[in-house]
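J.: Sharing work-v9.csv (CSV, C-alpha atoms) below.
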```
chain,number,residue,atom,x,y,z
A,225,MET,CA,123.0,128.5,125.6
A,226,LYS,CA,119.8,127.4,127.3
A,227,ILE,CA,116.6,129.0,125.7
A,228,GLU,CA,115.2,129.7,129.2
A,229,GLU,CA,118.2,131.9,130.0
A,230,PHE,CA,118.2,133.8,126.7
A,231,SER,CA,116.4,137.1,126.1
A,232,PHE,CA,115.1,137.6,122.6
A,233,ALA,CA,114.1,141.2,123.2
A,234,GLY,CA,114.8,143.2,120.0
A,235,LYS,CA,116.3,140.2,118.3
A,236,LYS,CA,115.2,138.2,115.2
A,237,ALA,CA,115.3,134.5,115.8
A,238,ILE,CA,115.3,132.0,113.0
A,239,VAL,CA,113.8,128.7,114.3
A,240,ARG,CA,114.0,125.3,112.6
A,241,VAL,CA,110.6,123.9,113.3
A,242,ASP,CA,109.0,120.6,112.0
A,243,PHE,CA,105.8,121.7,110.3
A,244,ASN,CA,105.8,118.6,108.1
A,245,VAL,CA,102.2,118.0,108.9
A,246,PRO,CA,99.6,115.8,107.1
A,247,LEU,CA,97.2,117.6,104.8
A,248,ASP,CA,93.9,116.5,103.2
A,249,GLU,CA,93.2,116.9,99.5
A,250,ASN,CA,92.1,120.5,100.1
A,251,GLY,CA,95.3,121.5,101.9
A,252,ASN,CA,93.8,121.5,105.3
A,253,VAL,CA,95.9,120.3,108.3
A,254,THR,CA,94.6,116.9,109.6
A,255,ASP,CA,96.9,116.5,112.5
A,256,ASP,CA,98.5,119.7,114.1
A,257,THR,CA,100.5,117.8,116.8
A,258,ARG,CA,103.8,119.1,115.4
A,259,ILE,CA,102.6,122.7,115.2
A,260,ARG,CA,101.4,122.6,118.8
A,261,GLY,CA,104.7,121.1,119.8
A,262,ALA,CA,106.6,124.2,118.6
A,263,LEU,CA,104.4,126.7,120.3
A,264,PRO,CA,106.3,127.1,123.7
A,265,THR,CA,109.5,128.1,121.9
A,266,LEU,CA,107.8,130.4,119.4
A,267,LYS,CA,105.7,132.1,122.1
A,268,LYS,CA,108.7,132.6,124.4
A,269,ILE,CA,110.5,134.5,121.6
A,270,LEU,CA,107.5,136.7,120.9
A,271,ALA,CA,106.8,137.3,124.6
A,272,ASP,CA,110.4,138.4,125.1
A,273,GLY,CA,109.9,141.1,122.5
A,274,GLY,CA,111.6,139.3,119.7
A,275,SER,CA,110.5,138.5,116.2
A,276,VAL,CA,110.5,134.9,114.8
A,277,ILE,CA,111.3,133.5,111.4
A,278,MET,CA,110.1,129.9,111.1
A,279,MET,CA,111.6,127.5,108.6
A,280,SER,CA,110.6,123.9,107.8
A,281,HIS,CA,110.3,121.3,105.1
A,282,MET,CA,107.2,119.5,104.0
A,283,GLY,CA,107.2,116.2,102.3
A,284,LYS,CA,109.8,115.2,99.7
A,285,PRO,CA,109.7,117.6,96.8
A,286,LYS,CA,113.3,116.5,95.8
A,287,GLY,CA,114.6,120.0,95.2
A,288,LYS,CA,111.8,121.2,93.0
A,289,VAL,CA,108.9,123.5,93.7
A,290,ASN,CA,105.7,121.6,94.3
A,291,PRO,CA,102.5,123.6,95.1
A,292,LYS,CA,101.0,120.6,96.9
A,293,LEU,CA,103.8,120.8,99.4
A,294,SER,CA,103.8,124.5,99.9
A,295,LEU,CA,103.9,125.7,103.5
A,296,LYS,CA,101.5,128.6,102.4
A,297,GLN,CA,98.7,126.1,103.1
A,298,ILE,CA,99.4,126.0,106.8
A,299,VAL,CA,99.8,129.8,107.4
A,300,LYS,CA,96.2,130.2,108.7
A,301,ASN,CA,96.6,127.2,111.1
A,302,VAL,CA,100.0,128.5,112.5
A,303,SER,CA,98.5,132.0,112.9
A,304,GLU,CA,95.6,130.7,114.9
A,305,HIS,CA,97.8,128.6,117.2
A,306,LEU,CA,100.4,131.4,117.6
A,307,GLY,CA,97.9,134.2,118.1
A,308,VAL,CA,99.5,136.5,115.6
A,309,ASP,CA,99.0,137.0,111.8
A,310,VAL,CA,101.9,135.0,110.4
A,311,LYS,CA,103.5,136.6,107.3
A,312,PHE,CA,104.7,134.3,104.5
A,313,ALA,CA,107.9,134.5,102.4
A,314,PRO,CA,107.2,132.6,99.1
A,315,ASP,CA,111.0,131.9,98.5
A,316,CYS,CA,113.0,130.8,101.5
A,317,ALA,CA,116.3,131.7,99.8
A,318,ASN,CA,115.3,135.2,98.9
A,319,ALA,CA,113.5,136.5,102.0
A,320,SER,CA,115.9,139.2,103.1
A,321,GLU,CA,113.4,142.0,102.7
A,322,GLU,CA,110.6,140.1,104.5
A,323,ALA,CA,113.0,139.3,107.4
A,324,ALA,CA,114.4,142.8,107.6
A,325,ALA,CA,110.8,144.3,107.8
A,326,LEU,CA,109.9,142.2,110.8
A,327,LYS,CA,109.0,144.1,114.0
A,328,PRO,CA,109.1,142.8,117.6
A,329,GLY,CA,106.2,140.5,118.2
A,330,GLU,CA,105.8,139.6,114.5
A,331,ALA,CA,106.3,136.2,112.8
A,332,LEU,CA,107.3,135.1,109.4
A,333,LEU,CA,107.1,131.6,107.8
A,334,LEU,CA,109.5,130.7,105.0
A,335,GLU,CA,108.5,128.5,102.1
A,336,ASN,CA,109.4,124.8,102.0
A,337,LEU,CA,113.2,124.5,102.5
A,338,ARG,CA,113.3,121.3,100.4
A,339,PHE,CA,112.2,123.2,97.3
A,340,TYR,CA,116.0,123.8,97.1
A,341,PRO,CA,118.3,120.7,96.7
A,342,GLU,CA,120.9,122.6,98.8
A,343,GLU,CA,118.8,122.0,102.0
A,344,GLU,CA,119.4,118.2,101.9
A,345,GLY,CA,122.8,118.7,100.2
A,346,LYS,CA,122.5,115.8,97.8
A,347,PRO,CA,123.5,116.1,94.1
A,348,VAL,CA,120.4,116.0,91.9
A,349,GLY,CA,120.1,114.1,88.6
A,350,ILE,CA,123.4,112.1,88.9
A,351,ASP,CA,123.8,108.5,90.0
A,352,LYS,CA,126.2,107.5,92.8
A,353,ALA,CA,127.9,105.1,90.3
A,354,ASP,CA,128.7,108.0,88.0
A,355,PRO,CA,132.5,108.9,88.0
A,356,ALA,CA,131.5,112.6,88.3
A,357,TYR,CA,129.4,112.0,91.4
A,358,ASP,CA,132.1,112.8,93.9
A,359,GLU,CA,132.8,116.2,92.3
A,360,ALA,CA,129.0,116.9,92.1
A,361,LYS,CA,128.7,116.1,95.8
A,362,LYS,CA,131.6,118.4,96.7
A,363,ALA,CA,130.0,121.2,94.7
A,364,MET,CA,126.7,120.6,96.4
A,365,LYS,CA,128.2,120.7,99.8
A,366,ALA,CA,129.7,124.1,99.0
A,367,SER,CA,126.3,125.3,97.7
A,368,GLN,CA,124.7,123.9,100.9
A,369,LYS,CA,127.0,126.1,103.0
A,370,GLU,CA,126.0,129.2,101.0
A,371,PHE,CA,122.3,128.3,101.3
A,372,ALA,CA,122.7,127.9,105.1
A,373,LYS,CA,124.6,131.2,105.3
A,374,LYS,CA,121.8,133.0,103.5
A,375,LEU,CA,119.2,131.6,105.9
A,376,ALA,CA,121.4,132.6,108.8
A,377,SER,CA,121.7,136.2,107.5
A,378,TYR,CA,118.0,136.8,108.2
A,379,ALA,CA,118.5,136.6,112.0
A,380,ASP,CA,120.5,137.4,115.1
A,381,CYS,CA,120.1,134.0,116.7
A,382,TYR,CA,119.3,130.4,115.8
A,383,VAL,CA,117.0,127.9,117.6
A,384,MET,CA,116.9,124.2,116.7
A,385,ASP,CA,113.5,122.9,117.6
A,386,ALA,CA,112.8,120.2,115.0
A,387,PHE,CA,113.5,116.8,116.6
A,388,GLY,CA,112.0,115.0,113.7
A,389,THR,CA,114.9,116.2,111.4
A,390,ALA,CA,117.7,116.2,114.0
A,391,HIS,CA,119.1,113.0,112.5
A,392,ARG,CA,119.7,114.8,109.2
A,393,LYS,CA,122.8,116.8,108.3
A,394,HIS,CA,120.8,119.4,106.4
A,395,ALA,CA,121.5,123.1,105.8
A,396,SER,CA,118.8,124.2,108.3
A,397,THR,CA,119.6,121.6,111.0
A,398,ALA,CA,123.4,121.1,111.1
A,399,VAL,CA,125.1,123.7,108.9
A,400,ILE,CA,123.4,127.0,109.7
A,401,ASP,CA,124.7,126.8,113.2
A,402,GLU,CA,128.2,127.5,111.9
A,403,TYR,CA,127.1,131.1,111.3
A,404,PHE,CA,126.2,131.8,114.9
A,405,ASP,CA,128.4,131.9,118.0
A,406,LYS,CA,127.8,129.5,120.9
A,407,ASP,CA,125.9,132.2,122.8
A,408,SER,CA,123.5,132.8,119.9
A,409,LYS,CA,122.4,129.2,119.1
A,410,MET,CA,120.3,126.9,121.3
A,411,LEU,CA,117.9,124.0,121.4
A,412,GLY,CA,114.2,125.0,121.7
A,413,TYR,CA,111.9,123.7,124.4
A,414,LEU,CA,110.6,120.8,122.3
A,415,MET,CA,114.1,119.6,121.5
A,416,GLU,CA,115.1,119.8,125.1
A,417,LYS,CA,112.1,117.7,126.1
A,418,GLU,CA,112.8,115.2,123.4
A,419,VAL,CA,116.5,114.8,124.3
A,420,ASN,CA,115.6,114.5,128.0
A,421,ALA,CA,112.9,111.9,127.2
A,422,VAL,CA,115.3,109.7,125.3
A,423,ASP,CA,117.9,110.1,128.1
A,424,ASN,CA,115.2,109.1,130.6
A,425,VAL,CA,114.6,105.9,128.7
A,426,LEU,CA,118.2,104.9,128.0
A,427,SER,CA,120.2,106.4,130.9
A,428,ASN,CA,117.8,106.5,133.7
A,429,ILE,CA,116.2,103.1,133.3
A,430,LYS,CA,113.8,102.0,136.0
A,431,ARG,CA,113.1,98.2,135.7
A,432,PRO,CA,111.4,96.2,134.4
A,433,PHE,CA,112.0,97.9,131.0
A,434,THR,CA,109.6,96.8,128.2
A,435,ALA,CA,110.1,97.9,124.6
A,436,ILE,CA,107.4,97.4,122.0
A,437,MET,CA,108.7,97.4,118.4
A,438,GLY,CA,106.0,97.1,115.7
A,439,GLY,CA,105.7,97.9,112.0
A,440,SER,CA,106.0,95.9,108.9
A,441,LYS,CA,109.7,95.3,108.4
A,442,VAL,CA,112.5,93.8,110.5
A,443,SER,CA,115.1,95.6,108.2
A,444,THR,CA,114.1,99.1,109.3
A,445,LYS,CA,114.2,98.2,113.0
A,446,ILE,CA,117.2,95.8,113.3
A,447,GLY,CA,119.6,98.4,114.5
A,448,ILE,CA,117.4,99.5,117.3
A,449,ILE,CA,116.3,96.0,118.2
A,450,GLU,CA,120.0,94.9,118.6
A,451,ASN,CA,120.7,98.0,120.7
A,452,LEU,CA,117.7,97.3,122.9
A,453,LEU,CA,118.6,93.7,123.5
A,454,GLY,CA,121.4,94.9,125.8
A,455,LYS,CA,119.0,97.2,127.7
A,456,VAL,CA,115.5,95.8,128.1
A,457,ASP,CA,113.9,93.1,130.2
A,458,ASN,CA,111.0,92.5,127.8
A,459,LEU,CA,111.0,93.0,124.1
A,460,ILE,CA,107.7,92.8,122.2
A,461,LEU,CA,108.0,92.4,118.5
A,462,CYS,CA,104.7,92.8,116.7
A,463,GLY,CA,103.0,94.0,113.5
A,464,GLY,CA,104.2,92.7,110.1
A,465,MET,CA,107.5,91.6,111.7
A,466,THR,CA,105.6,88.8,113.4
A,467,TYR,CA,105.4,86.8,110.2
A,468,THR,CA,109.1,87.1,109.3
A,469,PHE,CA,109.9,85.6,112.7
A,470,ALA,CA,107.2,82.9,112.3
A,471,LYS,CA,108.5,81.8,108.9
A,472,ALA,CA,112.1,81.9,110.2
A,473,GLN,CA,111.1,79.3,112.7
A,474,GLY,CA,109.4,77.0,110.1
A,475,GLY,CA,105.9,78.4,110.4
A,476,LYS,CA,103.3,78.7,107.6
A,477,ILE,CA,102.2,82.3,107.1
A,478,GLY,CA,99.9,82.2,104.1
A,479,ASN,CA,100.0,85.6,102.2
A,480,SER,CA,101.3,87.5,105.2
A,481,ILE,CA,104.0,90.2,104.7
A,482,CYS,CA,107.5,88.7,105.1
A,483,GLU,CA,111.1,89.7,104.4
A,484,ASP,CA,112.5,86.4,103.1
A,485,ASP,CA,116.0,87.8,103.1
A,486,LYS,CA,115.8,88.6,106.8
A,487,LEU,CA,115.0,85.1,108.1
A,488,ASP,CA,118.5,84.6,109.4
A,489,VAL,CA,118.4,88.0,111.1
A,490,ALA,CA,115.2,87.0,112.9
A,491,LEU,CA,116.8,83.8,114.1
A,492,ASP,CA,119.8,85.8,115.3
A,493,VAL,CA,117.6,88.2,117.3
A,494,ILE,CA,115.9,85.2,119.0
A,495,LYS,CA,119.4,83.8,119.8
A,496,LYS,CA,120.7,87.1,121.2
A,497,ALA,CA,117.6,87.6,123.3
A,498,LYS,CA,118.3,84.3,125.0
A,499,GLU,CA,121.9,85.2,125.5
A,500,ASN,CA,120.9,88.5,127.1
A,501,ASN,CA,118.1,86.9,129.2
A,502,VAL,CA,115.6,89.1,127.5
A,503,ASN,CA,112.0,87.9,127.5
A,504,LEU,CA,111.2,88.1,123.8
A,505,VAL,CA,107.5,88.2,123.2
A,506,LEU,CA,106.3,87.2,119.7
A,507,GLY,CA,102.7,86.8,118.5
A,508,LYS,CA,101.3,83.4,119.2
A,509,ASP,CA,98.0,84.0,117.4
A,510,CYS,CA,96.7,86.6,114.9
A,511,ILE,CA,93.6,87.9,113.3
A,512,ALA,CA,93.9,86.7,109.7
A,513,ALA,CA,92.0,88.1,106.8
A,514,ASP,CA,91.2,86.7,103.3
A,515,ASN,CA,91.9,90.2,101.8
A,516,PHE,CA,93.8,93.3,102.7
A,517,ALA,CA,90.7,95.3,103.4
A,518,ASN,CA,88.7,96.5,106.4
A,519,ASP,CA,85.6,94.5,105.4
A,520,ALA,CA,87.6,91.3,104.7
A,521,ASN,CA,86.5,87.9,106.2
A,522,THR,CA,88.5,87.2,109.4
A,523,LYS,CA,89.4,84.4,111.7
A,524,VAL,CA,91.8,83.8,114.6
A,525,CYS,CA,94.6,81.4,113.9
A,526,PRO,CA,98.1,80.6,115.1
A,527,SER,CA,100.7,83.1,113.8
A,528,ASN,CA,102.7,80.2,112.5
A,529,ASP,CA,99.9,78.3,110.8
A,530,ILE,CA,98.0,80.7,108.6
A,531,PRO,CA,96.2,79.1,105.6
A,532,GLU,CA,97.1,79.9,102.0
A,533,GLY,CA,95.1,82.9,100.7
A,534,TRP,CA,94.9,84.4,104.2
A,535,GLU,CA,97.2,87.0,105.9
A,536,GLY,CA,97.8,88.2,109.4
A,537,LEU,CA,96.6,91.8,109.9
A,538,ASP,CA,96.4,92.1,113.7
A,539,ALA,CA,97.5,90.4,116.9
A,540,GLY,CA,95.1,87.7,118.2
A,541,PRO,CA,93.5,87.6,121.7
A,542,GLU,CA,96.1,85.3,123.3
A,543,THR,CA,98.9,87.5,121.9
A,544,ARG,CA,97.2,90.6,123.3
A,545,GLU,CA,97.2,89.1,126.8
A,546,GLU,CA,100.9,88.2,126.5
A,547,PHE,CA,101.7,91.8,125.4
A,548,ALA,CA,99.6,93.3,128.3
A,549,LYS,CA,101.3,91.0,130.8
A,550,ALA,CA,104.8,92.2,129.7
A,551,ILE,CA,103.7,95.9,129.8
A,552,LYS,CA,101.6,96.3,132.9
A,553,ASP,CA,104.3,95.6,135.4
A,554,ALA,CA,107.0,97.7,133.6
A,555,LYS,CA,108.5,100.8,135.1
A,556,THR,CA,110.0,102.0,131.8
A,557,ILE,CA,108.2,101.6,128.5
A,558,LEU,CA,109.1,102.5,124.9
A,559,TRP,CA,106.5,102.0,122.1
A,560,ASN,CA,107.4,102.3,118.4
A,561,GLY,CA,105.1,100.8,115.8
A,562,PRO,CA,101.6,99.3,115.8
A,563,ALA,CA,100.6,95.7,116.3
A,564,GLY,CA,98.4,95.6,113.2
A,565,VAL,CA,96.9,97.5,110.3
A,566,PHE,CA,95.4,100.1,112.6
A,567,GLU,CA,94.3,102.3,109.7
A,568,PHE,CA,91.5,99.7,109.3
A,569,ASP,CA,89.1,100.0,112.3
A,570,ASN,CA,88.6,96.2,112.3
A,571,PHE,CA,92.3,95.6,112.9
A,572,ILE,CA,93.1,98.0,115.7
A,573,GLY,CA,92.5,95.6,118.6
A,574,GLY,CA,96.2,94.6,119.1
A,575,SER,CA,97.4,98.2,119.1
A,576,LYS,CA,94.5,99.2,121.4
A,577,ALA,CA,95.5,96.4,123.9
A,578,ILE,CA,99.1,97.8,123.9
A,579,ALA,CA,97.9,101.4,124.5
A,580,ASP,CA,95.5,100.3,127.3
A,581,ALA,CA,98.3,98.4,129.1
A,582,ILE,CA,100.7,101.3,128.7
A,583,ALA,CA,98.1,103.7,130.1
A,584,GLU,CA,97.6,101.3,133.1
A,585,ALA,CA,101.3,101.0,133.8
A,586,THR,CA,101.8,104.8,133.4
A,587,ALA,CA,99.0,105.4,135.9
A,588,LYS,CA,101.0,103.2,138.4
A,589,GLY,CA,104.1,105.4,137.9
A,590,ALA,CA,105.9,104.0,134.9
A,591,PHE,CA,107.6,106.3,132.4
A,592,SER,CA,106.2,105.7,128.9
A,593,LEU,CA,107.7,107.1,125.7
A,594,ILE,CA,105.7,106.8,122.5
A,595,GLY,CA,107.6,107.5,119.3
A,596,GLY,CA,107.2,107.1,115.6
A,597,GLY,CA,104.4,108.4,113.4
A,598,ASP,CA,102.2,105.3,113.5
A,599,SER,CA,102.4,104.9,117.3
A,600,VAL,CA,101.6,108.5,117.8
A,601,ALA,CA,98.7,108.2,115.3
A,602,CYS,CA,97.5,105.2,117.3
A,603,ILE,CA,97.5,107.0,120.6
A,604,ASN,CA,95.8,110.0,119.1
A,605,LYS,CA,93.2,107.8,117.4
A,606,PHE,CA,92.4,106.2,120.7
A,607,GLY,CA,92.2,109.6,122.5
A,608,MET,CA,94.9,108.5,125.0
A,609,ALA,CA,97.6,111.1,124.5
A,610,ASP,CA,97.1,112.4,128.1
A,611,GLN,CA,97.5,108.9,129.5
A,612,VAL,CA,101.2,108.4,128.6
A,613,SER,CA,104.3,110.1,129.9
A,614,TYR,CA,105.7,111.5,126.7
A,615,ILE,CA,104.9,111.5,123.0
A,616,SER,CA,107.9,112.1,120.7
A,617,THR,CA,107.4,114.1,117.5
A,618,GLY,CA,110.3,112.4,115.8
A,619,GLY,CA,110.2,109.0,114.2
A,620,GLY,CA,113.6,108.4,112.5
A,621,ALA,CA,115.4,110.8,114.9
A,622,LEU,CA,114.0,108.9,117.9
A,623,LEU,CA,115.0,105.6,116.6
A,624,GLU,CA,118.6,106.8,115.8
A,625,ALA,CA,118.9,108.3,119.3
A,626,ILE,CA,117.8,105.1,120.9
A,627,GLU,CA,120.1,103.2,118.6
A,628,GLY,CA,122.9,105.2,120.3
A,629,LYS,CA,123.7,107.4,117.3
A,630,VAL,CA,124.7,111.1,117.7
A,631,LEU,CA,122.1,113.4,116.2
A,632,PRO,CA,123.7,116.1,114.0
A,633,GLY,CA,121.0,118.6,114.9
A,634,VAL,CA,121.9,118.2,118.6
A,635,ALA,CA,125.6,118.0,118.1
A,636,ALA,CA,125.6,121.2,116.1
A,637,ILE,CA,124.2,123.2,119.0
A,638,ASN,CA,126.6,121.6,121.5
A,639,GLU,CA,129.8,122.3,119.5
```
Show me this structure written as structure tokens.
T.:
Amino acid sequence: MKIEEFSFAGKKAIVRVDFNVPLDENGNVTDDTRIRGALPTLKKILADGGSVIMMSHMGKPKGKVNPKLSLKQIVKNVSEHLGVDVKFAPDCANASEEAAALKPGEALLLENLRFYPEEEGKPVGIDKADPAYDEAKKAMKASQKEFAKKLASYADCYVMDAFGTAHRKHASTAVIDEYFDKDSKMLGYLMEKEVNAVDNVLSNIKRPFTAIMGGSKVSTKIGIIENLLGKVDNLILCGGMTYTFAKAQGGKIGNSICEDDKLDVALDVIKKAKENNVNLVLGKDCIAADNFANDANTKVCPSNDIPEGWEGLDAGPETREEFAKAIKDAKTILWNGPAGVFEFDNFIGGSKAIADAIAEATAKGAFSLIGGGDSVACINKFGMADQVSYISTGGGALLEAIEGKVLPGVAAINE
């Protein structure tokens, strides 16, 4: 069922949103991107004359109640964005009365789903090596179904609109759907946009296609890198990964971050890039620092010849030019992961150069998809969100989708 074609009049809709937003020490929302992303779906339900029950996780409480991760802290923010006074249910698994009392046009937010281990469906307090683990897992799966059934009982229909958790087979993303028929479950507007954006990048490729993969570790990106090698024309690898590749090729990297057990993987990526005629762009120079701090002493040096006691924290000027060159003429662009320690203002230059080049290419008609928490944070920090084609709300989900994996949260709706 398409959300656009569905009338919520007189119905209660339970919506899986992704309100896992960052909070400051006083519990104030510091980035409301994810809340704003859910508004079209939530407002459609209310405008139709339906009532909405929002459910989400926040952080990793590991099945235990943690006041610092309570969704009660964001009720005011959600209310302001939604334009209605959002009610709050302090126990997501015992909210039948609050849900039943909802009138058309009203909204209810459930407490953090992950306060219950049944949401993630993983046995708690038992090691995988324990002989009793399999039985515990089986029992937890049964409990997970009961938990999902309870959540489903609050509503007449189910909307999945949390792309950031679509890669998880959790109670609220890929089990709850079993309790709704195919005409009463659907993807929300945000999910539809996310799925279409990924499809645009992978199935509707306009060339040249440039992908930028940043971040600190090769290990977390190897699956997507290998998948992209069969699709892209240019692959930029930046951030902390730079130094694993530099060391793999015999370079000196000083105190720079490096995965010594992934040197052979780095060499294999270089080999596969050549075999696939992919232009692999690696950092030639870097901004090195004598300390991991914003006010550290810095100097430009080759990425493969960093003195002892120094570490690469950003892409150098020559590297930035190489990156821009591979981006500016592209027609399809994917960016996941920064080029340096962008949290420090003195080391944002590489990431800013990437963002500027993407904005320029987008202005010339390229389709640009920005995904992953740090890349999104970069774009927002630079105030350039309106200069790219699409910003994805999902980090891990986006990567798995681009890796070619089926997302349980999407498959559940399509079954």
J.: As an exercise, work out the distance from CA of Ile259 (chain A) to CA of Phe243 (chain A) in Å and give it to one decimal place.
T.: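 Atom-to-atom, CA of Ile259 (chain A) to CA of Phe243 (chain A), that is 5.9 Å.
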J.: For Gly438 (chain A), which of A:Val505, A:Cys381, A:Ala317, A:Leu487 is the closest residue, counting all atoms listed in the file?
T.: A:Val505
J.: Rank nothing, just name the residue among A:Ile400, A:Ile238, A:Val442, A:Ala609 nearest to Leu593 (chain A), using all atoms listed in the file.
T.: A:Ala609
J.: Sort by chain and increasing residue number a table of all residues of region 520-551 of chain A within 12 Å of region 446-459 of chain A, each with its closest pair of atoms and their distance in Å to one decimal, counting only C-alpha atoms, and write it as a tab-separated table.
T.:
```
residue	atom	partner	partner_atom	distance
A:Glu546	CA	A:Asn458	CA	11.1
A:Phe547	CA	A:Leu459	CA	9.5
A:Ala548	CA	A:Asn458	CA	11.4
A:Lys549	CA	A:Asn458	CA	10.3
A:Ala550	CA	A:Asn458	CA	6.5
A:Ile551	CA	A:Asn458	CA	8.3
```
J.: In the coordinate frame of the file, compute which residues have an atom within 12 Å of (114.1, 89.6, 103.3) when using only C-alpha atoms, and state them as a list of chain:residue names.
T.: A:Ser440, A:Lys441, A:Val442, A:Ser443, A:Thr444, A:Met465, A:Tyr467, A:Thr468, A:Phe469, A:Lys471, A:Ala472, A:Ile481, A:Cys482, A:Glu483, A:Asp484, A:Asp485, A:Lys486, A:Leu487, A:Asp488, A:Val489, A:Ala490
J.: What lies within 12 Å of Glu321 (chain A) using only C-alpha atoms, ignoring chain neighbours under 4 positions off, as a ChimeraX atom specification?
T.: /A:312-317,325-326,332,377-379
J.: Mind giving me the straight-line distance from CA of Asp354 (chain A) to CA of Val289 (chain A) in Å, one decimal?
T.: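 Distance reported for this atom pair: 25.8 Å.
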J.: Mind pulling up the distance from CA of Asp407 (chain A) to CA of Met279 (chain A)?
T.: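 CA of Asp407 (chain A) lies 20.7 Å from CA of Met279 (chain A).
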J.: So which residues touch Glu545 (chain A) within 12 Å, counting all atoms listed in the file, skipping near sequence neighbours fewer than 5 positions away, as number ranges by chain?
T.: A: 505-509, 539-540, 550-552, 573-578, 580-581
J.: Using C-alpha atoms, can you export the residues from the last selection as a tab-separated table (two decimals), in the coordinates of the input?
T.:
```tsv
chain	number	residue	atom	x	y	z
A	505	VAL	CA	107.50	88.20	123.20
A	506	LEU	CA	106.30	87.20	119.70
A	507	GLY	CA	102.70	86.80	118.50
A	508	LYS	CA	101.30	83.40	119.20
A	509	ASP	CA	98.00	84.00	117.40
A	539	ALA	CA	97.50	90.40	116.90
A	540	GLY	CA	95.10	87.70	118.20
A	550	ALA	CA	104.80	92.20	129.70
A	551	ILE	CA	103.70	95.90	129.80
A	552	LYS	CA	101.60	96.30	132.90
A	573	GLY	CA	92.50	95.60	118.60
A	574	GLY	CA	96.20	94.60	119.10
A	575	SER	CA	97.40	98.20	119.10
A	576	LYS	CA	94.50	99.20	121.40
A	577	ALA	CA	95.50	96.40	123.90
A	578	ILE	CA	99.10	97.80	123.90
A	580	ASP	CA	95.50	100.30	127.30
A	581	ALA	CA	98.30	98.40	129.10
```
J.: Which residue is closest to Glu249 (chain A)? Choose from A:Ile460, A:Leu334, A:Leu293, A:Leu270 and count only C-alpha atoms.
T.: A:Leu293
J.: Set the distance at 7 Å and use all atoms listed in the file: which residues neighbour Ile615 (chain A) once local chain neighbours fewer than 5 positions away are removed? I'd like the list as a compact mmCIF listing (two decimals) with C-alpha atoms, in the coordinates of the input.
T.:
```txt
# COMPACT_ATOMS: atom_id res chain seq x y z
CA LEU A 593 107.70 107.10 125.70
CA ILE A 594 105.70 106.80 122.50
CA GLY A 595 107.60 107.50 119.30
CA VAL A 600 101.60 108.50 117.80
```
J.: When you look at Pro531 (chain A) with a cut-off of 9 Å (counting all atoms listed in the file), what residues show up, excluding the ones that are within fewer than 2 positions of it in the same chain? I need them as a list in words.
T.: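 Listing them by chain and then by number gives Lys476, Ile477, Gly478, Asn479, Ala512, Cys525, Asp529, Gly533, Trp534 and Glu535 of chain A.
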J.: With all atoms listed in the file as the basis for distance, which of A:Ala233, A:Ala421, A:Ala497, A:Cys462 is at the shortest distance from Gly561 (chain A)?
T.: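 When distances to Gly561 (chain A) are compared using all atoms listed in the file, the smallest one comes from A:Cys462.
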